[in-house]
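Q: Data: my_file-v9.csv, CSV, C-alpha atoms.
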chain,number,residue,atom,x,y,z
N,1,MET,CA,-112.4,15.8,34.6
N,2,TYR,CA,-110.3,13.3,36.6
N,3,PRO,CA,-110.2,15.5,39.7
N,4,HIS,CA,-114.0,16.0,39.7
N,5,GLU,CA,-114.6,12.3,39.2
N,6,ARG,CA,-112.1,11.4,41.9
N,7,SER,CA,-113.9,13.7,44.4
N,8,LEU,CA,-117.3,12.3,43.5
N,9,VAL,CA,-116.1,8.7,44.0
N,10,GLU,CA,-114.5,9.8,47.3
N,11,ARG,CA,-117.6,11.6,48.5
N,12,LEU,CA,-119.9,8.7,47.7
N,13,LYS,CA,-117.6,5.8,48.7
N,14,ASP,CA,-120.1,4.4,51.1
N,15,LYS,CA,-123.1,4.8,48.8
N,16,PRO,CA,-124.5,2.4,46.1
N,17,PHE,CA,-122.7,4.3,43.4
N,18,THR,CA,-119.9,3.7,40.9
N,19,ILE,CA,-118.3,5.3,37.9
N,20,LEU,CA,-117.9,2.7,35.2
N,21,GLY,CA,-115.7,3.7,32.3
N,22,VAL,CA,-115.6,2.6,28.7
N,23,ASN,CA,-112.1,3.4,27.6
N,24,SER,CA,-111.0,3.9,24.0
N,25,ASP,CA,-107.3,4.3,24.4
N,26,SER,CA,-104.6,1.8,23.5
N,27,SER,CA,-103.9,-0.5,26.4
N,28,LYS,CA,-100.6,1.1,27.0
N,29,ARG,CA,-102.0,4.6,27.1
N,30,TYR,CA,-104.9,3.5,29.2
N,31,LYS,CA,-102.7,1.8,31.8
N,32,LYS,CA,-100.5,4.9,32.0
N,33,ALA,CA,-103.6,7.2,32.4
N,34,ILE,CA,-104.9,5.0,35.3
N,35,GLU,CA,-101.6,5.2,37.1
N,36,GLU,CA,-100.9,8.9,36.5
N,37,ASN,CA,-104.4,10.1,37.4
N,38,ASN,CA,-105.1,7.7,40.3
N,39,ILE,CA,-108.2,6.3,38.6
N,40,THR,CA,-109.7,3.8,41.1
N,41,TRP,CA,-113.0,3.0,39.3
N,42,PRO,CA,-113.4,0.1,36.8
N,43,SER,CA,-113.5,0.5,33.0
N,44,PHE,CA,-114.4,-1.6,30.1
N,45,TRP,CA,-111.5,-1.5,27.6
N,46,ASP,CA,-113.0,-1.0,24.2
N,47,GLY,CA,-110.4,-2.5,22.0
N,48,GLY,CA,-108.0,0.4,21.8
N,49,ARG,CA,-109.9,2.6,19.3
N,50,THR,CA,-112.8,5.0,19.2
N,51,GLY,CA,-114.8,2.8,16.9
N,52,GLY,CA,-114.8,-0.1,19.4
N,53,PRO,CA,-117.8,-2.4,19.9
N,54,ILE,CA,-119.2,-0.8,23.0
N,55,ALA,CA,-118.9,2.8,21.7
N,56,THR,CA,-120.4,1.7,18.4
N,57,ALA,CA,-123.4,-0.1,20.1
N,58,TRP,CA,-124.0,3.0,22.2
N,59,ALA,CA,-123.7,5.3,19.1
N,60,VAL,CA,-120.9,7.4,20.8
N,61,ARG,CA,-119.5,10.0,18.4
N,62,GLY,CA,-117.9,12.4,20.9
N,63,TRP,CA,-115.8,11.9,24.0
N,64,PRO,CA,-116.4,12.0,26.8
N,65,THR,CA,-120.0,10.9,26.6
N,66,ILE,CA,-121.8,10.3,29.9
N,67,TYR,CA,-124.9,8.3,30.7
N,68,ILE,CA,-126.2,8.1,34.3
N,69,ILE,CA,-128.1,4.9,34.9
N,70,ASP,CA,-130.2,4.4,38.0
N,71,ALA,CA,-130.1,1.3,40.4
N,72,LYS,CA,-132.8,-0.4,38.3
N,73,GLY,CA,-130.8,-0.1,35.1
N,74,VAL,CA,-132.8,2.7,33.5
N,75,ILE,CA,-131.0,5.5,31.7
N,76,ARG,CA,-131.9,8.7,33.5
N,77,PHE,CA,-129.4,11.4,32.4
N,78,LYS,CA,-127.2,12.0,29.4
N,79,ASN,CA,-124.0,14.1,29.2
N,80,THR,CA,-124.5,15.6,32.6
N,81,ARG,CA,-121.2,17.0,33.8
N,82,GLY,CA,-119.5,18.8,36.6
N,83,LYS,CA,-121.9,20.1,39.3
N,84,ALA,CA,-124.9,18.9,37.4
N,85,MET,CA,-123.5,15.3,37.5
N,86,ASP,CA,-123.3,15.5,41.3
N,87,GLU,CA,-126.8,16.8,41.6
N,88,ALA,CA,-128.1,14.1,39.3
N,89,VAL,CA,-126.5,11.3,41.3
N,90,ASP,CA,-127.7,12.9,44.6
N,91,LYS,CA,-131.2,13.0,43.3
N,92,LEU,CA,-131.1,9.3,42.3
N,93,LEU,CA,-129.6,8.4,45.8
N,94,GLU,CA,-132.5,10.3,47.4
N,95,GLU,CA,-135.0,8.3,45.2
N,96,MET,CA,-133.5,5.1,46.4
N,97,LYS,CA,-133.9,6.1,50.0
N,98,SER,CA,-137.5,7.0,49.7
N,99,GLU,CA,-138.4,3.7,48.0
U,1,MET,CA,-114.5,44.2,-51.4
U,2,LYS,CA,-117.3,42.3,-49.8
U,3,ALA,CA,-115.3,39.1,-49.8
U,4,LYS,CA,-112.4,40.8,-48.2
U,5,LYS,CA,-114.5,42.2,-45.5
U,6,LEU,CA,-116.0,38.8,-44.8
U,7,LEU,CA,-112.6,37.2,-44.6
U,8,ILE,CA,-111.5,39.8,-42.1
U,9,MET,CA,-114.6,39.1,-40.1
U,10,LEU,CA,-114.0,35.4,-40.2
U,11,ILE,CA,-110.4,35.8,-39.1
U,12,ALA,CA,-111.4,38.1,-36.3
U,13,THR,CA,-114.1,35.7,-35.1
U,14,ALA,CA,-111.8,32.7,-35.2
U,15,GLY,CA,-109.2,34.7,-33.4
U,16,LEU,CA,-111.8,35.6,-30.8
U,17,ALA,CA,-112.8,32.0,-30.3
U,18,VAL,CA,-109.1,31.0,-29.8
U,19,ALA,CA,-108.7,33.8,-27.4
U,20,GLN,CA,-111.7,32.7,-25.4
U,21,THR,CA,-110.5,29.1,-25.2
U,22,ASP,CA,-107.2,30.4,-24.1
U,23,ALA,CA,-108.7,32.5,-21.4
U,24,LYS,CA,-110.8,29.6,-20.2
U,25,ASN,CA,-107.8,27.3,-20.0
U,26,LYS,CA,-105.9,30.1,-18.4
U,27,ILE,CA,-108.5,30.4,-15.7
U,28,ALA,CA,-108.5,26.6,-15.1
U,29,ASP,CA,-104.7,26.7,-14.8
U,30,GLN,CA,-104.8,29.6,-12.5
U,31,ILE,CA,-107.3,27.9,-10.2
U,32,SER,CA,-105.2,24.7,-10.1
U,33,GLU,CA,-102.1,26.7,-9.4
U,34,LEU,CA,-103.6,28.7,-6.6
U,35,ILE,CA,-104.9,25.6,-4.9
U,36,GLU,CA,-101.7,23.6,-5.4
U,37,ILE,CA,-99.6,26.3,-3.9
U,38,GLN,CA,-101.8,26.7,-0.9
U,39,ASP,CA,-102.3,23.0,-0.3
U,40,ALA,CA,-98.5,22.5,-0.6
U,41,ALA,CA,-97.9,25.2,2.1
U,42,ALA,CA,-100.5,23.6,4.3
U,43,LYS,CA,-99.0,20.1,3.9
U,44,LYS,CA,-95.5,21.4,4.6
U,45,PHE,CA,-96.8,23.1,7.7
U,46,MET,CA,-98.6,20.0,8.9
U,47,ASP,CA,-95.5,17.9,8.4
U,48,GLU,CA,-93.6,20.3,10.5
U,49,VAL,CA,-96.2,20.4,13.3
U,50,ARG,CA,-96.4,16.6,13.4
U,51,ALA,CA,-92.7,16.4,13.9
U,52,LEU,CA,-93.0,18.5,17.1
U,53,PRO,CA,-93.5,16.9,20.6
U,54,ARG,CA,-97.2,16.2,21.2
U,55,GLU,CA,-97.8,18.9,23.8
U,56,LYS,CA,-96.5,21.6,21.5
U,57,GLN,CA,-98.5,20.6,18.5
U,58,ARG,CA,-101.8,22.3,19.3
U,59,GLU,CA,-100.1,25.7,20.1
U,60,ALA,CA,-98.1,25.6,16.9
U,61,TYR,CA,-101.1,24.7,14.9
U,62,GLN,CA,-103.2,27.5,16.2
U,63,LYS,CA,-100.4,30.0,15.7
U,64,GLY,CA,-98.9,29.2,12.4
U,65,TYR,CA,-101.4,27.6,10.0
U,66,PRO,CA,-100.7,29.2,6.6
U,67,LYS,CA,-103.2,32.0,5.9
U,68,PHE,CA,-105.5,31.3,3.1
U,69,ASP,CA,-107.7,34.4,2.9
U,70,ASP,CA,-105.9,35.8,-0.1
U,71,THR,CA,-106.2,32.5,-2.0
U,72,ILE,CA,-110.0,32.5,-1.2
U,73,GLU,CA,-110.3,36.0,-2.6
U,74,ALA,CA,-108.3,35.2,-5.7
U,75,LEU,CA,-110.3,32.1,-6.3
U,76,TYR,CA,-113.6,34.1,-5.9
U,77,THR,CA,-112.4,36.5,-8.5
U,78,LEU,CA,-111.6,33.7,-11.0
U,79,VAL,CA,-114.9,32.0,-10.4
U,80,GLU,CA,-116.8,35.3,-10.9
U,81,LYS,CA,-114.9,35.8,-14.2
U,82,SER,CA,-115.8,32.3,-15.4
U,83,PRO,CA,-118.7,30.8,-13.4
U,84,ALA,CA,-119.7,28.2,-16.0
U,85,GLU,CA,-116.2,26.6,-16.1
U,86,ALA,CA,-115.9,23.1,-14.7
U,87,ALA,CA,-112.7,24.3,-12.9
U,88,SER,CA,-114.9,26.8,-11.1
U,89,LEU,CA,-116.6,23.9,-9.3
U,90,LYS,CA,-113.2,22.8,-8.0
U,91,ALA,CA,-112.5,26.3,-6.8
U,92,ILE,CA,-115.8,26.6,-5.1
U,93,SER,CA,-115.3,23.3,-3.2
U,94,TRP,CA,-111.9,24.5,-2.1
U,95,ILE,CA,-113.2,27.9,-1.0
U,96,SER,CA,-116.0,26.2,0.9
U,97,SER,CA,-113.9,23.7,2.7
U,98,HIS,CA,-111.6,26.5,3.8
U,99,SER,CA,-114.3,29.0,4.9
U,100,GLN,CA,-114.6,27.6,8.4
U,101,GLY,CA,-118.4,27.7,8.5
U,102,LYS,CA,-118.7,31.1,6.8
U,103,GLU,CA,-121.3,31.0,4.1
U,104,LEU,CA,-120.4,31.2,0.4
U,105,LYS,CA,-121.2,34.4,-1.3
U,106,ALA,CA,-124.8,34.6,-2.7
U,107,GLU,CA,-123.6,35.0,-6.2
U,108,ILE,CA,-121.7,31.7,-6.0
U,109,PHE,CA,-125.0,29.9,-5.2
U,110,SER,CA,-126.7,31.6,-8.2
U,111,ALA,CA,-123.8,30.5,-10.4
U,112,LEU,CA,-124.0,26.9,-9.1
U,113,GLU,CA,-127.7,26.8,-9.7
U,114,LYS,CA,-127.4,28.4,-13.1
U,115,HIS,CA,-124.5,26.5,-14.6
U,116,HIS,CA,-123.8,23.4,-12.5
U,117,LEU,CA,-127.1,22.2,-11.1
U,118,ASP,CA,-127.1,18.9,-13.1
U,119,HIS,CA,-123.4,18.1,-12.8
U,120,SER,CA,-122.6,15.1,-10.6
U,121,GLU,CA,-119.4,16.9,-9.6
U,122,LEU,CA,-121.6,19.4,-7.8
U,123,SER,CA,-121.6,16.7,-5.1
U,124,GLU,CA,-118.1,17.7,-4.0
U,125,VAL,CA,-119.2,21.3,-3.4
U,126,ILE,CA,-122.2,20.2,-1.5
U,127,LEU,CA,-120.2,17.8,0.8
U,128,SER,CA,-117.9,20.8,1.7
U,129,LEU,CA,-120.9,22.8,3.1
U,130,TYR,CA,-121.0,21.1,6.5
U,131,GLY,CA,-120.2,24.1,8.7
U,132,ALA,CA,-122.2,26.6,6.7
U,133,LYS,CA,-125.8,26.7,8.0
U,134,GLY,CA,-127.0,30.1,6.7
U,135,GLU,CA,-130.1,30.8,4.8
U,136,ASN,CA,-128.5,30.9,1.3
U,137,THR,CA,-126.9,27.5,2.0
U,138,GLN,CA,-130.2,26.0,3.1
U,139,ALA,CA,-132.1,27.4,0.0
U,140,PHE,CA,-129.4,26.1,-2.3
U,141,LEU,CA,-129.5,22.6,-0.8
U,142,SER,CA,-133.3,22.6,-1.2
U,143,THR,CA,-133.0,23.6,-4.8
U,144,VAL,CA,-130.6,20.8,-5.5
U,145,VAL,CA,-132.8,18.2,-3.8
U,146,GLU,CA,-135.8,19.4,-5.7
U,147,LYS,CA,-134.4,20.2,-9.1
U,148,SER,CA,-131.0,18.7,-9.8
U,149,LYS,CA,-131.0,15.9,-12.5
U,150,ALA,CA,-127.8,14.5,-11.0
U,151,GLN,CA,-128.6,11.6,-8.6
U,152,ASP,CA,-125.4,12.0,-6.6
U,153,ALA,CA,-125.9,15.8,-6.2
U,154,ARG,CA,-129.4,15.2,-4.9
U,155,GLY,CA,-128.1,12.5,-2.5
U,156,SER,CA,-125.3,14.8,-1.3
U,157,ALA,CA,-127.7,17.7,-0.7
U,158,LEU,CA,-130.1,15.5,1.3
U,159,TYR,CA,-127.3,14.0,3.3
U,160,MET,CA,-125.9,17.5,4.0
U,161,GLN,CA,-129.4,18.8,5.1
U,162,ALA,CA,-129.5,15.9,7.5
U,163,ILE,CA,-126.0,16.0,9.0
U,164,GLN,CA,-126.2,19.7,9.6
U,165,ILE,CA,-129.1,19.2,12.0
U,166,GLU,CA,-128.0,15.8,13.4
U,167,ARG,CA,-127.1,17.3,16.8
U,168,ASP,CA,-129.9,19.7,17.0
U,169,THR,CA,-132.4,18.1,19.4
U,170,ALA,CA,-135.1,20.6,18.4
U,171,LYS,CA,-135.0,19.2,14.9
U,172,THR,CA,-135.1,15.5,15.5
U,173,ALA,CA,-138.4,14.9,13.6
U,174,ARG,CA,-137.0,16.6,10.5
U,175,TYR,CA,-133.7,14.8,10.8
U,176,LYS,CA,-135.6,11.5,10.9
U,177,ALA,CA,-137.6,12.4,7.9
U,178,LEU,CA,-134.4,13.3,5.9
U,179,VAL,CA,-132.7,10.0,6.9
U,180,GLU,CA,-135.8,8.1,5.8
U,181,LYS,CA,-135.9,9.9,2.4
U,182,LEU,CA,-132.1,9.4,2.0
U,183,ASN,CA,-132.6,5.6,2.5
U,184,ALA,CA,-135.6,5.4,0.3
U,185,GLU,CA,-134.3,7.3,-2.6
U,186,HIS,CA,-130.5,7.0,-2.4
U,187,ALA,CA,-129.8,3.7,-0.7
U,188,ASP,CA,-126.6,3.3,-2.7
U,189,PHE,CA,-125.3,6.8,-2.1
U,190,GLU,CA,-121.8,6.7,-0.6
U,191,VAL,CA,-119.5,9.2,1.0
U,192,ARG,CA,-115.9,8.0,1.0
U,193,GLY,CA,-117.0,4.5,0.2
U,194,ARG,CA,-119.5,4.3,3.1
U,195,LYS,CA,-123.2,3.9,2.6
U,196,VAL,CA,-124.1,6.8,4.9
U,197,GLY,CA,-127.9,6.5,4.7
U,198,ALA,CA,-127.8,3.0,6.3
U,199,MET,CA,-125.2,4.2,8.9
U,200,MET,CA,-127.3,7.2,9.9
U,201,LYS,CA,-130.4,5.0,10.2
U,202,ALA,CA,-128.5,2.5,12.4
U,203,THR,CA,-127.3,5.3,14.6
U,204,LEU,CA,-130.8,6.8,14.9
U,205,GLU,CA,-132.2,3.4,16.0
U,206,ALA,CA,-129.4,3.0,18.5
U,207,LYS,CA,-130.1,6.4,19.9
U,208,GLU,CA,-133.8,5.6,20.3
U,209,LYS,CA,-132.9,2.6,22.4
U,210,LEU,CA,-130.6,4.8,24.4
U,211,ALA,CA,-133.1,7.5,25.2
U,212,ILE,CA,-133.7,8.8,28.8
U,213,GLY,CA,-136.2,6.5,30.4
U,214,LYS,CA,-135.2,3.4,28.5
U,215,SER,CA,-133.5,0.4,30.0
U,216,ALA,CA,-129.7,0.5,29.5
U,217,PRO,CA,-128.7,-2.2,27.0
U,218,GLU,CA,-126.5,-4.8,28.5
U,219,ILE,CA,-122.7,-4.4,28.0
U,220,ILE,CA,-120.6,-7.5,28.1
U,221,GLY,CA,-117.0,-6.7,27.8
U,222,LYS,CA,-113.6,-7.0,29.3
U,223,ASP,CA,-111.3,-4.9,31.4
U,224,VAL,CA,-107.8,-4.1,30.1
U,225,ASP,CA,-106.5,-7.3,31.7
U,226,GLY,CA,-109.0,-9.4,29.8
U,227,LYS,CA,-111.3,-10.0,32.8
U,228,GLU,CA,-114.9,-10.2,31.8
U,229,MET,CA,-117.3,-7.5,33.1
U,230,LYS,CA,-121.0,-6.8,32.6
U,231,LEU,CA,-123.0,-3.6,33.1
U,232,SER,CA,-125.6,-5.6,34.9
U,233,ASP,CA,-123.1,-6.6,37.5
U,234,TYR,CA,-123.7,-3.1,38.9
U,235,ARG,CA,-127.5,-3.4,39.1
U,236,GLY,CA,-128.5,-2.0,42.5
U,237,LYS,CA,-126.0,0.8,42.1
U,238,ILE,CA,-126.2,4.1,40.4
U,239,VAL,CA,-123.8,4.0,37.5
U,240,VAL,CA,-122.1,6.9,35.8
U,241,LEU,CA,-121.2,5.3,32.5
U,242,ASP,CA,-118.3,7.3,31.2
U,243,PHE,CA,-117.0,6.9,27.7
U,244,TRP,CA,-113.6,8.3,28.0
U,245,GLY,CA,-110.1,8.5,26.6
U,246,ASP,CA,-106.9,10.1,27.7
U,247,TRP,CA,-106.4,12.5,24.8
Let me see the structure of the file written as structure tokens.
A:
Amino acid sequence: MYPHERSLVERLKDKPFTILGVNSDSSKRYKKAIEENNITWPSFWDGGRTGGPIATAWAVRGWPTIYIIDAKGVIRFKNTRGKAMDEAVDKLLEEMKSE
Amino acid sequence: MKAKKLLIMLIATAGLAVAQTDAKNKIADQISELIEIQDAAAKKFMDEVRALPREKQREAYQKGYPKFDDTIEALYTLVEKSPAEAASLKAISWISSHSQGKELKAEIFSALEKHHLDHSELSEVILSLYGAKGENTQAFLSTVVEKSKAQDARGSALYMQAIQIERDTAKTARYKALVEKLNAEHADFEVRGRKVGAMMKATLEAKEKLAIGKSAPEIIGKDVDGKEMKLSDYRGKIVVLDFWGDW
């Protein structure tokens, strides 16, 4: 998933778009993952465990879980991955243009 | 003459009773032994796998987990011989938790309904049915919910009916109804010390808040270096919120 996310971030670097992670690793493992996989986007760090406060509030039971939120803060897609994720983001960018 | 005959009959009957008790104990022992041997093999194997480097663990696990088909068959045979035995419940739980989603044999469900419907230990069998979603399992769970006199067994069956469809988006309405009923009738029902009804209800409410079309709830948290971050800092941008872990 990292390569796909990296290419998405790269393709949309000039657009109003970000990936925002919520990471459930230990801080050590998280820092290592960032370095090794060239992760450039920000992440909340959820306390080093899967039962962390953010994952709990968002009722996350499986990882990865994805929510796509539009520019107004409305949840628009859930668990959209791969090509479908690109299409979803492109659709929301189009919407912003036409508003 | 008559007295002698009676005496012989008495002795024979007593002998038979002793033999029956022996046979029962023997079956209970055999069930325990089969399970112990298999569990010990699994534990030994898992200890060995855990000692391997992390990247080799999955492969070793897939390749070498001790086969348990023979144990399942042997346990089935013992249960069929003595379905009313308390030990049979233990055997059935074990079979079910090792059947990887395969449904229990139909005659096992009949035996459970006939001999164990009102035993609170039936709970343990029910809680092992998670992966088995076939018709017989469904019918059995309904029977327990409707007819069992054991509170815990009914609670378990209701809980199992619910968690089996928790992820099925076509059955959301039924799932909600089951969670409601679980909370209304079994508020104190616990699985491994956790009040699951209340937990499921909380998750359900959280999910409703997180449905497509709803405003994303604010997240106030910190990055790994302790710097405060908020989801709303990104308002005006499209956000792919990605719950992730490097595992």
Q: Return the single residue from N:Gly82, N:Glu94, N:Ile68, N:Asp46 that is closest to N:Pro3, with distances computed using only C-alpha atoms.
A: N:Gly82
Q: By how many Å are atom CA of U:Leu241 and atom CA of U:Val196 apart?
A: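 Going from atom CA of U:Leu241 over to atom CA of U:Val196 covers 27.8 Å.
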Q: For a test of reading the model, state the distance in Å between atom CA of U:Leu141 and atom CA of U:Met160, rounded to one decimal.
A: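 Value for the atom CA of U:Leu141-atom CA of U:Met160 distance: 7.9 Å.
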Q: Under the rule that only C-alpha atoms are counted, which of N:Leu93, N:Ile66, N:Ala57, N:Leu20 is the nearest residue to U:Asp233?
A: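 Of all the options, N:Leu20 lies closest to U:Asp233.
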Q: Atom CA of U:Gln100 to atom CA of U:Thr172: how many Å, to one decimal?
A: 24.8 Å
Q: Taking only C-alpha atoms into account, which of N:Lys72, N:Arg6, N:Lys97, N:Lys83 comes nearest U:Ala216?
A: N:Lys72
Q: Could you please select, counting only C-alpha atoms, the residues of chain U within 10 Å of chain N and state them as number ranges by chain?
A: U: 202-207, 209-232, 234-247
Q: Excluding U:Leu178 and residues on its chain fewer than 5 positions from it, collect all residues at most 9 Å away from it, counting only C-alpha atoms, and give them as a VMD selection string.
A: chain U and resid 158 to 159 161 to 162 173 183
Q: Rank N:Lys13, N:Gly52, N:Tyr2, N:Leu8 by their smallest atom-to-atom distance to N:Asn37, using only C-alpha atoms, and report the top residue only.
A: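 Looking at the shortest contact to N:Asn37, the residue is N:Tyr2.
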Q: Here is a test: counting all atoms listed in the file, which residue of U:Gln57, U:Thr143, U:Asn136, U:Gln30 is nearest to U:Val79?
A: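 Looking only at the distances to U:Val79, the closest residue turns out to be U:Gln30.
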Q: Give the answer as one residue: which of U:Asp152, U:Thr71, U:Ala157, U:Thr137 has the shortest atom-to-atom distance to U:Asp188, using only C-alpha atoms?
A: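 Ranking U:Asp152, U:Thr71, U:Ala157, U:Thr137 by distance to U:Asp188, first place goes to U:Asp152.
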Q: Identify, on the basis of only C-alpha atoms, every residue whose closest approach to U:Lys181 does not exceed 10 Å; exclude the query and any residue fewer than 5 positions from it along the same chain; express the result as an mmCIF file with C-alpha atoms, in the frame of the given file.
A:
data_model
loop_
_atom_site.group_PDB
_atom_site.id
_atom_site.type_symbol
_atom_site.label_atom_id
_atom_site.label_comp_id
_atom_site.auth_asym_id
_atom_site.auth_seq_id
_atom_site.Cartn_x
_atom_site.Cartn_y
_atom_site.Cartn_z
ATOM 1 C CA GLY U 155 -128.100 12.500 -2.500
ATOM 2 C CA LEU U 158 -130.100 15.500 1.300
ATOM 3 C CA TYR U 159 -127.300 14.000 3.300
ATOM 4 C CA TYR U 175 -133.700 14.800 10.800
ATOM 5 C CA LYS U 176 -135.600 11.500 10.900
ATOM 6 C CA HIS U 186 -130.500 7.000 -2.400
ATOM 7 C CA ALA U 187 -129.800 3.700 -0.700
ATOM 8 C CA GLY U 197 -127.900 6.500 4.700
#
